[in-house]
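Asks: First the structure, then my questions, so here it is.
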Amino acid sequence: MMRKLPQFISRLFAILMKMLLDIEDDPAWHSADSEDEDAELLPAYLAAPEWQKHHAALIALAQIAEGCSKVMIKNLEQVVTMVLNTFQDPHPRVRWAAINAIGQLSTDLGPDLQVQYHQRVLPALAASMDDFQNPRVQESGYFGT
């Protein structure tokens, strides 16, 4: 679909670059005393009533894990707990995103996640394979993606 739109990629890239310009030079940033408040968004999104926010948080978490594995390893207990708690979400897209996130975490945090949390992750994945009402969720449980 994007190929059909003339210059879509170059226009999108220009817009994204302009969005990156929307930054203020906050003096508190230079002191490194303030914590990154953006990190509070994931738990807030996971606690929100809307399934779309749960889904967004899990997709973001998977992407963060892909690029920031060293930071994620330091918070592995919290991250694994957040993701595994969503395996029972009422919405199938959230459950699918949770399986996807565990798959990405397993790839990027490999041995750390597998050795420390296999006793929690494997039963959750196995249970997802019994989701006969949602074949896409069920299939993801087989592959962890």
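Each chain in the structure tokens gets a letter, A, B, ..., in the order shown, and its residues are numbered from 1; ligands are numbered from 1 in order too.
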Ile64 of chain A: which residues within 12 Å, counting only C-alpha atoms, same-chain residues fewer than 5 positions away excluded, as a count of residues only?
Replies: 16
Asks: So, counting only C-alpha atoms, which residue among A:Leu76, A:Leu84, A:Leu20, A:Val94 is closest to Arg120 of chain A?
Replies: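 Looking only at the distances to Arg120 of chain A, the closest residue turns out to be A:Leu84.
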Asks: Taking the DSSP secondary structure from the backbone, can you list the residues of segment 90-132 of chain A that are alpha helix (DSSP H), as a ChimeraX atom specification?
Replies: /A:92-108,110-128
Asks: Excluding Gly103 of chain A and its own-chain neighbours fewer than 4 positions away, which residues fall within 12 Å of it when counting only C-alpha atoms? Please give them as a ChimeraX atom specification.
Replies: /A:58-59,61-63,65-66,80,83-84,96-99,107-110,113-114,121-122,125,140-145
Asks: Just checking: using only C-alpha atoms, which residue out of A:Pro92, A:Ser128, A:Glu77, A:Gln133 ends up closest to His55 of chain A?
Replies: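 Of the candidates, the smallest distance to His55 of chain A is held by A:Pro92.
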Asks: Atom CA of Pro123 of chain A and atom CA of Tyr45 of chain A are how many Å apart?
Replies: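 Interatomic distance here is 24.9 Å.
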Asks: Out of A:Ala14, A:Ile102, A:Ala56, A:Ile9, which residue has the shortest atom-to-atom distance to Ala124 of chain A when counting only C-alpha atoms?
Replies: A:Ile102
